[in-house]
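The next block is final.cif, given as mmCIF, C-alpha atoms and all ligand atoms.
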data_query
#
loop_
_atom_site.label_atom_id
_atom_site.label_comp_id
_atom_site.auth_asym_id
_atom_site.auth_seq_id
_atom_site.Cartn_x
_atom_site.Cartn_y
_atom_site.Cartn_z
CA MET D 1026 205.26 72.03 108.19
CA SER D 1027 204.43 73.32 111.68
CA GLU D 1028 201.32 75.02 110.28
CA ARG D 1029 200.25 71.74 108.76
CA ILE D 1030 200.82 69.99 112.07
CA GLU D 1031 198.64 72.51 113.90
CA SER D 1032 195.79 72.29 111.43
CA ALA D 1033 196.08 68.49 111.37
CA LYS D 1034 195.68 68.49 115.14
CA GLN D 1035 192.55 70.60 114.87
CA VAL D 1036 190.94 68.20 112.44
CA LEU D 1037 192.03 65.20 114.48
CA ALA D 1038 190.53 66.73 117.60
CA SER D 1039 187.16 66.93 115.85
CA GLN D 1040 187.27 63.39 114.43
CA ASN D 1041 184.75 60.84 115.69
CA ILE D 1042 185.27 57.14 115.16
CA GLU D 1043 182.20 55.06 115.95
CA THR D 1044 182.73 51.71 117.64
CA PRO D 1045 180.49 48.69 117.02
CA SER D 1046 178.71 47.13 120.02
CA TRP D 1047 179.33 43.68 118.56
CA ALA D 1048 183.10 44.10 118.73
CA PHE D 1049 182.86 43.68 122.51
CA GLY D 1050 180.90 40.43 122.48
CA ASN D 1051 182.24 36.98 121.78
CA SER D 1052 182.82 36.19 118.11
CA GLY D 1053 184.77 33.73 116.08
CA THR D 1054 184.92 31.88 112.83
CA ARG D 1055 182.57 29.18 111.56
CA PHE D 1056 185.00 26.74 113.15
CA LYS D 1057 185.06 27.97 116.74
CA VAL D 1058 184.21 30.83 119.04
CA PHE D 1059 186.85 31.08 121.76
CA ALA D 1060 184.96 32.63 124.64
CA GLN D 1061 186.74 35.34 126.60
CA GLN D 1062 186.32 36.24 130.25
CA GLY D 1063 184.60 39.44 131.29
CA VAL D 1064 182.65 39.78 128.05
CA PRO D 1065 179.48 41.94 128.26
CA ARG D 1066 176.22 40.11 128.86
CA ASP D 1067 173.88 42.79 127.54
CA PRO D 1068 173.87 46.03 125.54
CA PHE D 1069 174.35 48.08 128.73
CA GLU D 1070 177.64 46.32 129.44
CA LYS D 1071 178.68 46.63 125.79
CA LEU D 1072 178.20 50.39 126.04
CA ALA D 1073 180.27 50.45 129.23
CA ASP D 1074 183.13 48.75 127.37
CA ALA D 1075 182.80 51.04 124.38
CA ALA D 1076 182.98 53.98 126.78
CA GLN D 1077 186.42 52.77 127.86
CA VAL D 1078 187.62 53.16 124.30
CA HIS D 1079 186.38 56.75 124.31
CA ARG D 1080 187.81 57.40 127.76
CA PHE D 1081 191.33 56.60 126.59
CA THR D 1082 191.24 57.87 122.99
CA GLY D 1083 188.84 60.82 123.30
CA THR D 1084 187.65 60.14 119.77
CA ALA D 1085 185.19 57.24 119.97
CA GLY D 1086 182.15 59.09 121.27
CA SER D 1087 179.46 57.06 119.52
CA VAL D 1088 178.56 53.38 119.50
CA ALA D 1089 176.68 51.52 116.78
CA LEU D 1090 173.96 49.07 117.78
CA HIS D 1091 172.89 45.93 115.95
CA ILE D 1092 169.26 44.83 116.16
CA PRO D 1093 168.17 42.29 117.42
CA TRP D 1094 171.54 41.61 119.11
CA ASP D 1095 171.10 44.83 121.08
CA LYS D 1096 167.37 44.65 121.61
CA VAL D 1097 166.21 46.12 124.95
CA GLU D 1098 162.88 46.95 126.50
CA ASP D 1099 163.59 50.62 126.91
CA TYR D 1100 165.79 52.34 124.32
CA ALA D 1101 165.52 55.72 126.00
CA ALA D 1102 167.01 54.11 129.13
CA LEU D 1103 169.80 52.63 127.02
CA ALA D 1104 170.52 56.05 125.50
CA ALA D 1105 170.54 57.58 129.00
CA HIS D 1106 172.96 54.88 130.16
CA ALA D 1107 175.22 55.66 127.18
CA ALA D 1108 175.20 59.34 128.12
CA GLU D 1109 176.08 58.49 131.74
CA GLN D 1110 179.07 56.56 130.41
CA GLY D 1111 180.13 59.53 128.28
CA VAL D 1112 179.13 58.11 124.89
CA ARG D 1113 176.06 58.23 122.66
CA ILE D 1114 174.24 55.72 120.53
CA GLY D 1115 175.13 56.04 116.86
CA THR D 1116 174.08 54.06 113.82
CA ILE D 1117 171.40 51.41 114.05
CA ASN D 1118 172.36 48.29 112.09
CA SER D 1119 169.63 46.00 110.83
CA ASN D 1120 169.90 42.24 110.76
CA THR D 1121 167.99 40.30 108.14
CA PHE D 1122 170.44 37.43 107.93
CA GLN D 1123 169.80 35.22 110.94
CA ASP D 1124 166.13 34.30 110.88
CA ASP D 1125 165.17 30.91 109.44
CA ASP D 1126 162.67 32.63 107.17
CA PHE D 1127 165.53 34.45 105.44
CA MET D 1128 167.21 31.36 104.01
CA LEU D 1129 166.44 32.45 100.43
CA GLY D 1130 166.83 36.13 101.14
CA SER D 1131 165.05 38.90 103.01
CA VAL D 1132 164.12 42.04 101.09
CA CYS D 1133 164.65 40.21 97.78
CA HIS D 1134 162.91 36.99 98.81
CA PRO D 1135 160.42 35.66 96.23
CA ASP D 1136 157.68 35.36 98.90
CA PRO D 1137 156.00 38.72 99.63
CA GLY D 1138 155.27 37.54 103.19
CA VAL D 1139 158.96 37.15 103.92
CA ARG D 1140 159.69 40.53 102.33
CA ARG D 1141 157.03 42.04 104.59
CA LYS D 1142 158.70 40.53 107.63
CA ALA D 1143 162.10 41.91 106.55
CA THR D 1144 160.60 45.35 105.83
CA ASP D 1145 158.88 45.40 109.23
CA HIS D 1146 162.22 44.72 110.87
CA LEU D 1147 163.77 47.66 109.01
CA LEU D 1148 160.88 49.91 110.03
CA GLU D 1149 161.31 48.77 113.63
CA CYS D 1150 164.94 49.87 113.36
CA VAL D 1151 163.75 53.37 112.41
CA ASP D 1152 161.45 53.34 115.47
CA ILE D 1153 164.51 52.51 117.55
CA MET D 1154 166.41 55.39 115.93
CA ASP D 1155 163.61 57.71 117.00
CA ALA D 1156 163.96 56.48 120.58
CA THR D 1157 167.76 56.62 120.71
CA GLY D 1158 168.18 59.81 118.70
CA SER D 1159 170.22 57.97 116.06
CA ALA D 1160 170.61 59.59 112.68
CA ASP D 1161 171.64 56.65 110.54
CA LEU D 1162 170.08 53.33 109.58
CA LYS D 1163 172.69 50.99 108.13
CA LEU D 1164 171.48 48.25 105.82
CA TRP D 1165 173.49 45.28 104.78
CA PHE D 1166 171.66 42.45 103.03
CA ALA D 1167 172.90 38.89 102.89
CA ASP D 1168 170.55 38.40 99.93
CA GLY D 1169 171.66 36.61 96.83
CA THR D 1170 171.61 33.15 95.26
CA ASN D 1171 173.96 30.19 95.17
CA TYR D 1172 172.96 28.65 91.84
CA PRO D 1173 172.28 29.93 88.35
CA GLY D 1174 168.53 29.89 87.78
CA GLN D 1175 167.73 29.79 91.50
CA ASP D 1176 165.79 33.07 91.26
CA SER D 1177 165.38 35.98 88.89
CA ILE D 1178 168.23 38.43 89.37
CA ALA D 1179 166.22 41.25 87.78
CA ASP D 1180 163.06 40.61 89.81
CA ARG D 1181 165.12 40.63 92.96
CA GLN D 1182 166.36 44.13 92.06
CA ASP D 1183 162.75 45.27 91.72
CA ARG D 1184 161.86 43.79 95.11
CA LEU D 1185 164.87 45.45 96.69
CA ALA D 1186 163.95 48.84 95.22
CA GLU D 1187 160.39 48.52 96.50
CA VAL D 1188 161.41 47.72 100.07
CA LEU D 1189 164.08 50.40 100.13
CA SER D 1190 161.59 52.98 98.98
CA GLU D 1191 159.12 52.06 101.75
CA VAL D 1192 161.86 52.33 104.39
CA TYR D 1193 163.16 55.56 102.89
CA GLY D 1194 159.68 57.04 103.15
CA ARG D 1195 159.60 56.29 106.88
CA LEU D 1196 162.82 58.24 107.63
CA GLY D 1197 162.60 61.44 109.61
CA GLU D 1198 163.87 64.77 108.35
CA ASP D 1199 167.36 64.30 109.78
CA GLN D 1200 167.67 60.56 109.34
CA ARG D 1201 169.60 58.76 106.64
CA LEU D 1202 169.62 55.34 105.06
CA LEU D 1203 173.14 53.99 104.59
CA LEU D 1204 173.33 51.17 102.08
CA GLU D 1205 176.22 48.78 102.31
CA TYR D 1206 177.42 46.50 99.51
CA LYS D 1207 179.40 43.28 99.58
CA LEU D 1208 180.72 41.23 96.72
CA PHE D 1209 179.95 37.76 98.04
CA GLU D 1210 179.04 35.69 101.08
CA PRO D 1211 176.83 34.16 102.32
CA SER D 1212 175.62 33.87 98.71
CA PHE D 1213 178.23 32.85 96.20
CA TYR D 1214 176.64 32.87 92.74
CA HIS D 1215 175.23 36.36 92.92
CA THR D 1216 174.69 38.96 95.61
CA ASP D 1217 171.84 41.49 95.33
CA VAL D 1218 173.93 44.49 96.39
CA PRO D 1219 177.40 43.35 95.32
CA ASP D 1220 179.20 46.60 94.63
CA TRP D 1221 179.26 50.36 95.07
CA GLY D 1222 177.67 50.91 91.67
CA THR D 1223 174.56 48.96 92.61
CA ALA D 1224 174.34 50.69 95.98
CA TYR D 1225 174.87 54.07 94.32
CA ALA D 1226 172.15 53.44 91.72
CA HIS D 1227 169.61 52.49 94.41
CA CYS D 1228 170.55 55.49 96.54
CA THR D 1229 170.18 57.84 93.59
CA GLU D 1230 166.74 56.41 92.88
CA LEU D 1231 165.72 56.89 96.53
CA GLY D 1232 166.80 60.47 97.15
CA PRO D 1233 169.39 62.56 98.99
CA LYS D 1234 168.97 60.86 102.37
CA ALA D 1235 170.22 57.57 100.91
CA GLN D 1236 173.98 57.18 100.96
CA VAL D 1237 176.51 54.46 100.27
CA VAL D 1238 178.63 52.83 102.98
CA ILE D 1239 182.05 51.45 102.15
CA ASP D 1240 183.01 48.45 104.25
CA THR D 1241 186.70 48.07 103.53
CA GLY D 1242 186.46 44.27 103.79
CA HIS D 1243 183.77 43.85 101.14
CA HIS D 1244 185.73 44.07 97.90
CA ALA D 1245 187.57 41.80 95.53
CA PRO D 1246 191.31 41.61 96.16
CA GLY D 1247 193.12 44.49 94.51
CA THR D 1248 190.09 46.79 94.31
CA ASN D 1249 191.12 50.44 94.36
CA ILE D 1250 188.93 51.56 97.27
CA GLU D 1251 190.22 55.13 97.21
CA PHE D 1252 188.78 55.50 93.71
CA ILE D 1253 185.35 54.56 95.08
CA VAL D 1254 185.84 57.12 97.86
CA ALA D 1255 186.75 59.85 95.39
CA PHE D 1256 183.83 59.02 93.11
CA LEU D 1257 181.18 58.88 95.83
CA LEU D 1258 182.49 62.02 97.51
CA ARG D 1259 182.25 63.89 94.24
CA GLN D 1260 178.64 62.75 93.88
CA GLY D 1261 177.79 63.61 97.48
CA ARG D 1262 176.84 59.97 98.13
CA LEU D 1263 179.45 58.79 100.56
CA GLY D 1264 177.58 58.16 103.81
CA GLY D 1265 180.29 56.45 105.78
CA PHE D 1266 182.75 53.66 106.32
CA ASP D 1267 182.79 50.34 108.02
CA PHE D 1268 186.50 50.09 108.69
CA ASN D 1269 188.24 46.79 109.24
CA SER D 1270 191.12 44.88 107.77
CA ARG D 1271 190.93 42.02 105.35
CA PHE D 1272 193.58 39.70 104.13
CA TYR D 1273 191.42 37.21 102.28
CA ALA D 1274 187.76 38.19 102.46
CA ASP D 1275 185.47 39.77 105.05
CA ASP D 1276 187.97 39.10 107.84
CA ASP D 1277 186.79 41.99 110.06
CA LEU D 1278 190.22 42.25 111.69
CA MET D 1279 191.69 45.44 113.11
CA VAL D 1280 191.62 48.31 110.63
CA GLY D 1281 195.03 49.36 109.40
CA SER D 1282 196.69 46.18 110.64
CA ALA D 1283 197.44 44.35 107.38
CA ASP D 1284 197.47 47.29 105.00
CA PRO D 1285 198.01 50.66 106.71
CA PHE D 1286 199.00 52.14 103.36
CA GLN D 1287 195.56 51.44 101.91
CA LEU D 1288 193.97 53.14 104.89
CA PHE D 1289 196.24 56.15 104.33
CA ARG D 1290 195.29 56.28 100.63
CA ILE D 1291 191.60 56.27 101.56
CA LEU D 1292 192.05 59.03 104.11
CA HIS D 1293 194.09 61.06 101.65
CA GLU D 1294 191.07 61.28 99.32
CA LEU D 1295 188.95 62.41 102.26
CA ALA D 1296 191.50 64.94 103.49
CA LEU D 1297 191.71 66.44 100.00
CA ARG D 1298 188.00 67.20 100.19
CA GLU D 1299 187.99 68.33 103.83
CA ALA D 1300 185.73 65.40 104.59
CA ILE D 1301 187.08 64.19 107.91
CA GLY D 1302 185.38 66.23 110.65
CA PRO D 1303 181.75 65.71 111.72
CA SER D 1304 180.50 68.54 109.48
CA SER D 1305 181.35 66.35 106.48
CA GLY D 1306 178.41 64.10 107.36
CA ILE D 1307 180.55 61.02 106.81
CA ALA D 1308 180.20 58.38 109.50
CA TYR D 1309 183.53 56.81 110.36
CA MET D 1310 182.65 53.47 111.87
CA LEU D 1311 184.49 50.32 112.76
CA ASP D 1312 182.91 46.99 111.83
CA GLN D 1313 185.16 44.49 113.46
CA CYS D 1314 185.24 41.42 115.62
CA HIS D 1315 188.03 40.26 117.86
CA ASN D 1316 188.28 36.53 117.98
CA ILE D 1317 191.69 35.83 119.49
CA GLU D 1318 192.77 39.20 120.88
CA PRO D 1319 191.32 41.00 123.94
CA LYS D 1320 188.46 43.12 122.71
CA ILE D 1321 188.69 46.55 124.36
CA PRO D 1322 192.42 47.05 123.66
CA ALA D 1323 191.86 45.80 120.11
CA VAL D 1324 189.27 48.51 119.55
CA ILE D 1325 191.56 51.11 121.14
CA ARG D 1326 194.36 50.02 118.80
CA SER D 1327 191.98 50.23 115.82
CA VAL D 1328 190.94 53.77 116.71
CA MET D 1329 194.62 54.71 117.00
CA ASN D 1330 195.33 53.15 113.60
CA VAL D 1331 192.63 55.31 112.01
CA GLN D 1332 194.03 58.36 113.79
CA GLU D 1333 197.54 57.63 112.53
CA ALA D 1334 196.40 57.22 108.94
CA THR D 1335 194.32 60.40 109.26
CA ALA D 1336 197.25 62.37 110.67
CA LYS D 1337 199.50 61.26 107.81
CA ALA D 1338 196.84 62.13 105.24
CA LEU D 1339 196.46 65.58 106.80
CA LEU D 1340 200.20 66.16 106.59
CA VAL D 1341 200.31 65.80 102.81
CA ASP D 1342 201.78 68.99 101.36
CA ARG D 1343 198.86 69.75 99.11
CA ALA D 1344 200.42 72.77 97.43
CA ALA D 1345 203.53 70.76 96.52
CA LEU D 1346 201.36 67.86 95.38
CA GLU D 1347 199.27 70.06 93.14
CA ALA D 1348 202.34 71.76 91.70
CA ALA D 1349 203.90 68.40 90.90
CA GLN D 1350 200.67 67.11 89.40
CA THR D 1351 200.12 70.14 87.18
CA SER D 1352 203.65 70.10 85.90
CA GLY D 1353 203.42 66.40 85.12
CA ASP D 1354 206.10 65.53 87.66
CA VAL D 1355 205.11 61.92 88.22
CA LEU D 1356 207.90 61.02 90.62
CA GLY D 1357 207.65 64.33 92.46
CA ALA D 1358 203.92 63.91 93.09
CA ASN D 1359 204.38 60.38 94.31
CA ALA D 1360 207.23 61.53 96.57
CA VAL D 1361 205.03 64.17 98.21
CA LEU D 1362 202.50 61.50 99.11
CA MET D 1363 205.12 59.05 100.33
CA ASP D 1364 206.78 61.74 102.45
CA ALA D 1365 203.56 62.16 104.37
CA TYR D 1366 202.99 58.43 104.65
CA ASN D 1367 206.51 57.89 105.96
CA THR D 1368 206.17 60.58 108.64
CA ASP D 1369 206.10 59.22 112.18
CA VAL D 1370 202.94 60.82 113.57
CA ARG D 1371 202.96 59.09 116.94
CA ALA D 1372 204.48 62.09 118.74
CA LEU D 1373 201.95 64.44 117.12
CA LEU D 1374 199.11 62.26 118.39
CA SER D 1375 200.62 61.92 121.87
CA ASP D 1376 200.89 65.72 122.05
CA LEU D 1377 197.29 66.07 120.94
CA ARG D 1378 196.13 63.65 123.65
CA VAL D 1379 198.04 65.53 126.33
CA GLU D 1380 196.47 68.78 125.10
CA GLN D 1381 193.08 67.07 125.44
CA GLY D 1382 193.85 65.99 129.00
CA LEU D 1383 194.31 62.36 128.00
CA ASP D 1384 197.15 59.96 128.63
CA PRO D 1385 199.58 60.08 125.68
CA ASP D 1386 199.54 56.27 125.46
CA PRO D 1387 195.95 54.93 125.38
CA MET D 1388 197.00 51.26 125.28
CA ALA D 1389 199.20 51.56 128.36
CA ALA D 1390 196.67 53.74 130.17
CA TYR D 1391 193.90 51.20 129.59
CA ALA D 1392 196.14 48.34 130.72
CA ALA D 1393 196.99 50.25 133.90
CA SER D 1394 193.37 51.17 134.62
CA GLY D 1395 192.44 47.77 136.02
CA TYR D 1396 189.20 47.71 134.00
CA ALA D 1397 190.07 44.37 132.36
CA ASP D 1398 190.43 42.69 135.77
CA ASP D 1399 187.28 44.36 137.08
CA ILE D 1400 185.08 43.02 134.33
CA LYS D 1401 186.61 39.56 134.68
CA SER D 1402 185.67 39.39 138.32
CA ASN D 1403 182.40 41.33 138.17
CA ARG D 1404 180.83 39.68 135.17
CA GLN D 1405 180.27 36.23 136.55
CA GLY D 1406 177.27 34.20 135.48
CA GLY D 1407 174.75 35.12 132.84
CA GLN D 1408 175.12 34.61 129.14
CA ALA D 1409 178.04 36.34 127.41
CA ALA D 1410 176.93 38.38 124.42
CA GLY D 1411 177.76 37.04 121.01
CA TRP D 1412 176.56 36.99 117.47
CA GLY D 1413 173.54 34.96 118.47
CA ALA D 1414 173.69 32.95 115.26
C1 LIG D 1501 178.15 42.19 107.62
C2 LIG D 1501 178.19 43.66 107.30
C3 LIG D 1501 177.46 44.50 108.29
C4 LIG D 1501 177.60 44.03 109.69
C5 LIG D 1501 177.55 42.54 109.85
C6 LIG D 1501 177.92 42.13 111.25
O1 LIG D 1501 179.08 41.50 106.86
O2 LIG D 1501 179.51 44.09 107.19
O3 LIG D 1501 177.89 45.82 108.24
O4 LIG D 1501 176.49 44.54 110.32
O5 LIG D 1501 178.42 41.93 108.95
MN MN D 1502 179.99 46.19 107.53
#

Please, can you express the file's structure as structure tokens?
Ligand code: RM4
Ligand code: MN
Amino acid sequence: MSERIESAKQVLASQNIETPSWAFGNSGTRFKVFAQQGVPRDPFEKLADAAQVHRFTGTAGSVALHIPWDKVEDYAALAAHAAEQGVRIGTINSNTFQDDDFMLGSVCHPDPGVRRKATDHLLECVDIMDATGSADLKLWFADGTNYPGQDSIADRQDRLAEVLSEVYGRLGEDQRLLLEYKLFEPSFYHTDVPDWGTAYAHCTELGPKAQVVIDTGHHAPGTNIEFIVAFLLRQGRLGGFDFNSRFYADDDLMVGSADPFQLFRILHELALREAIGPSSGIAYMLDQCHNIEPKIPAVIRSVMNVQEATAKALLVDRAALEAAQTSGDVLGANAVLMDAYNTDVRALLSDLRVEQGLDPDPMAAYAASGYADDIKSNRQGGQAAGWGA
């Protein structure tokens, strides 16, 4: 056991969990956005807040941007600002869901002019990646239809493939295209990239730099997400995660809050294949928004939830599991997994933080830092950042 604890700590020390810039801005439901005090007014302030998460957890060293929400004049200056704060700019997320022209879709739109506009936006995102040094372009499309007969489902697949291939061709040597899928919303009859199979098929057609992203909130209830993880890992097509928690749909709440056991099961598949550290090439990202809870501590808590699930997954006694599996010991195999899940890993993680020169309790350390009060008093005036819908 102590050997497993030591090697778990090593992996945990190398883990990076990317935070989303939009988690720090105001957000809400379609009913109401409850504005919070001290919210960032621009991407520079979002990066400063994200840096706090890294400061207290030591594991959130990169921050995803969303374009145009995080549009700035000078991306090199933004990257330099990130570095000054101790973080770096990670994935660039595209946004083809908020322009009036995209009412009937973006990359799948029947009008080639609208598709051109959407494609140009995606190409602009790659330009931004060049300026920020980002490796990943993350694509999520709100495309789909609401009514049978509204558009040709098959033609829309062709249009999608054509745009993806143009964007793929623009990627640099070390850049990747991460394709996200989502079952429904904002379209409810059909979605153009509804599931992992569709995303996988398009990625395979494109080439090795195209990979699938699993957003944990984008499935039908009851979907076995760990199966998708295992399948994509085996095929070398798992590009990353957008972690969050769902209870009904795409809730985007704190990862590991409603179903920590699901998060553990996902991380178990990854631990089995040594796919947790940065050398795995899998981007571990959060895609969350914090509507009623304070944002920075919510992101800190989320990072800690991922760390706890990871630690438990790393503690699985793999030799005992394999022995039980090969001998057909159903209950024994299940017990090995549950033993790890039921282990209290909080002390292990506190020890690791102390070894890393961090406070053992990131939530308390952040609360004591005074940062929350500082931003409340310093960020007066201006327009608080939000989803800009
Ligand atoms: C989408 C999708 C994308 C994210 C936006 C904010 O539902 O999950 O990853 O960029 O929301
Ligand atoms: Mn997402």

* **Long-range neighbours of Trp1221 in chain D as a ChimeraX atom specification, 9 Å cut-off, all atoms listed in the file, 4 positions minimum in chain** => /D:1205-1207,1225-1226,1237-1239,1253,1257

Keeping only C-alpha atoms, take the residues you just selected and write them out as a PDB file, keeping the file's coordinate frame.
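part_20.pdb, written as the output of this step:
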ATOM      1  CA  GLU D1205     176.220  48.780 102.310  1.00  0.00           C
ATOM      2  CA  TYR D1206     177.420  46.500  99.510  1.00  0.00           C
ATOM      3  CA  LYS D1207     179.400  43.280  99.580  1.00  0.00           C
ATOM      4  CA  TYR D1225     174.870  54.070  94.320  1.00  0.00           C
ATOM      5  CA  ALA D1226     172.150  53.440  91.720  1.00  0.00           C
ATOM      6  CA  VAL D1237     176.510  54.460 100.270  1.00  0.00           C
ATOM      7  CA  VAL D1238     178.630  52.830 102.980  1.00  0.00           C
ATOM      8  CA  ILE D1239     182.050  51.450 102.150  1.00  0.00           C
ATOM      9  CA  ILE D1253     185.350  54.560  95.080  1.00  0.00           C
ATOM     10  CA  LEU D1257     181.180  58.880  95.830  1.00  0.00           C
TER      11      LEU D1257
END

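With distances restricted to all atoms listed in the file, D:Asp1168 is the closest residue to Ser1212 in chain D from D:Asp1074, D:Glu1294, D:Asp1161, D:Asp1168.
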
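Nearest-residue note for Asp1145 in chain D: choosing from D:Phe1266, D:Ala1104, D:Arg1195, D:Arg1181, the minimum distance belongs to D:Arg1195, counting only C-alpha atoms.
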
* Asked: If I put a ball of radius 6 Å at (195.5, 57.3, 119.3) in the file's coordinates, which residues poke into it when counting all atoms listed in the file, written as JSON, numbers by chain?
  -> {"D": [1082, 1329, 1332]}

Dump C-alpha atoms for the selected residues as a JSON list (two decimals), in the coordinates of the input?
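Final file, again_39.json:
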[["chain", "number", "residue", "atom", "x", "y", "z"],
["D", 1082, "THR", "CA", 191.24, 57.87, 122.99],
["D", 1329, "MET", "CA", 194.62, 54.71, 117.00],
["D", 1332, "GLN", "CA", 194.03, 58.36, 113.79]]

* **At most 8 Å from ligand LIG 1501 (chain D) (all atoms listed in the file): residue list as JSON, numbers by chain** => {"D": [1047, 1091, 1118, 1119, 1120, 1163, 1164, 1165, 1166, 1167, 1205, 1207, 1240, 1242, 1243, 1267, 1275, 1312, 1313]}

* Non-local contacts of range 1345-1355 of chain D (12 Å; all atoms listed in the file; under 6 positions in same chain excluded) as a PyMOL selection string -> chain D and resi 1026+1293+1297+1361-1365

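Of the listed residues D:Ile1317, D:Ala1224, D:Ala1255, D:Val1328, the one whose atoms come nearest to Ala1085 in chain D is D:Val1328, with distances taken using all atoms listed in the file.
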
Fill-in result for range 1134-1149 of chain D, N, CA, C and O atoms as a PDB file, in the frame of the given file:
ATOM      1  N   HIS D1134     163.508  38.330  98.779  1.00  0.00           N
ATOM      2  CA  HIS D1134     162.910  36.990  98.810  1.00  0.00           C
ATOM      3  C   HIS D1134     161.720  36.915  97.846  1.00  0.00           C
ATOM      4  O   HIS D1134     160.943  37.863  97.729  1.00  0.00           O
ATOM      5  N   PRO D1135     161.546  35.765  97.167  1.00  0.00           N
ATOM      6  CA  PRO D1135     160.420  35.660  96.230  1.00  0.00           C
ATOM      7  C   PRO D1135     159.042  35.713  96.917  1.00  0.00           C
ATOM      8  O   PRO D1135     158.057  36.106  96.272  1.00  0.00           O
ATOM      9  N   ASP D1136     158.967  35.372  98.188  1.00  0.00           N
ATOM     10  CA  ASP D1136     157.680  35.360  98.900  1.00  0.00           C
ATOM     11  C   ASP D1136     157.408  36.740  99.517  1.00  0.00           C
ATOM     12  O   ASP D1136     158.184  37.211 100.364  1.00  0.00           O
ATOM     13  N   PRO D1137     156.290  37.384  99.099  1.00  0.00           N
ATOM     14  CA  PRO D1137     156.000  38.720  99.630  1.00  0.00           C
ATOM     15  C   PRO D1137     155.850  38.741 101.149  1.00  0.00           C
ATOM     16  O   PRO D1137     156.133  39.758 101.796  1.00  0.00           O
ATOM     17  N   GLY D1138     155.428  37.609 101.720  1.00  0.00           N
ATOM     18  CA  GLY D1138     155.270  37.540 103.190  1.00  0.00           C
ATOM     19  C   GLY D1138     156.617  37.671 103.880  1.00  0.00           C
ATOM     20  O   GLY D1138     156.732  38.353 104.909  1.00  0.00           O
ATOM     21  N   VAL D1139     157.622  37.056 103.318  1.00  0.00           N
ATOM     22  CA  VAL D1139     158.960  37.150 103.920  1.00  0.00           C
ATOM     23  C   VAL D1139     159.511  38.568 103.731  1.00  0.00           C
ATOM     24  O   VAL D1139     160.122  39.151 104.634  1.00  0.00           O
ATOM     25  N   ARG D1140     159.236  39.139 102.559  1.00  0.00           N
ATOM     26  CA  ARG D1140     159.690  40.530 102.330  1.00  0.00           C
ATOM     27  C   ARG D1140     159.030  41.474 103.324  1.00  0.00           C
ATOM     28  O   ARG D1140     159.642  42.400 103.837  1.00  0.00           O
ATOM     29  N   ARG D1141     157.759  41.203 103.621  1.00  0.00           N
ATOM     30  CA  ARG D1141     157.030  42.040 104.590  1.00  0.00           C
ATOM     31  C   ARG D1141     157.710  41.960 105.957  1.00  0.00           C
ATOM     32  O   ARG D1141     157.924  42.963 106.633  1.00  0.00           O
ATOM     33  N   LYS D1142     158.050  40.728 106.334  1.00  0.00           N
ATOM     34  CA  LYS D1142     158.700  40.530 107.630  1.00  0.00           C
ATOM     35  C   LYS D1142     160.031  41.295 107.691  1.00  0.00           C
ATOM     36  O   LYS D1142     160.343  41.958 108.680  1.00  0.00           O
ATOM     37  N   ALA D1143     160.808  41.215 106.599  1.00  0.00           N
ATOM     38  CA  ALA D1143     162.100  41.910 106.550  1.00  0.00           C
ATOM     39  C   ALA D1143     161.876  43.434 106.611  1.00  0.00           C
ATOM     40  O   ALA D1143     162.566  44.156 107.339  1.00  0.00           O
ATOM     41  N   THR D1144     160.873  43.899 105.861  1.00  0.00           N
ATOM     42  CA  THR D1144     160.600  45.350 105.830  1.00  0.00           C
ATOM     43  C   THR D1144     160.174  45.821 107.228  1.00  0.00           C
ATOM     44  O   THR D1144     160.619  46.880 107.691  1.00  0.00           O
ATOM     45  N   ASP D1145     159.321  45.017 107.883  1.00  0.00           N
ATOM     46  CA  ASP D1145     158.880  45.400 109.230  1.00  0.00           C
ATOM     47  C   ASP D1145     160.060  45.519 110.183  1.00  0.00           C
ATOM     48  O   ASP D1145     160.102  46.403 111.039  1.00  0.00           O
ATOM     49  N   HIS D1146     161.022  44.629 110.022  1.00  0.00           N
ATOM     50  CA  HIS D1146     162.220  44.720 110.870  1.00  0.00           C
ATOM     51  C   HIS D1146     162.953  46.051 110.604  1.00  0.00           C
ATOM     52  O   HIS D1146     163.383  46.731 111.537  1.00  0.00           O
ATOM     53  N   LEU D1147     163.068  46.412 109.339  1.00  0.00           N
ATOM     54  CA  LEU D1147     163.770  47.660 109.010  1.00  0.00           C
ATOM     55  C   LEU D1147     163.021  48.870 109.562  1.00  0.00           C
ATOM     56  O   LEU D1147     163.619  49.822 110.069  1.00  0.00           O
ATOM     57  N   LEU D1148     161.685  48.799 109.492  1.00  0.00           N
ATOM     58  CA  LEU D1148     160.880  49.910 110.030  1.00  0.00           C
ATOM     59  C   LEU D1148     161.021  49.974 111.556  1.00  0.00           C
ATOM     60  O   LEU D1148     161.089  51.061 112.144  1.00  0.00           O
ATOM     61  N   GLU D1149     161.104  48.806 112.172  1.00  0.00           N
ATOM     62  CA  GLU D1149     161.310  48.770 113.630  1.00  0.00           C
ATOM     63  C   GLU D1149     162.649  49.438 113.977  1.00  0.00           C
ATOM     64  O   GLU D1149     162.761  50.139 114.991  1.00  0.00           O
TER      65      GLU D1149
END
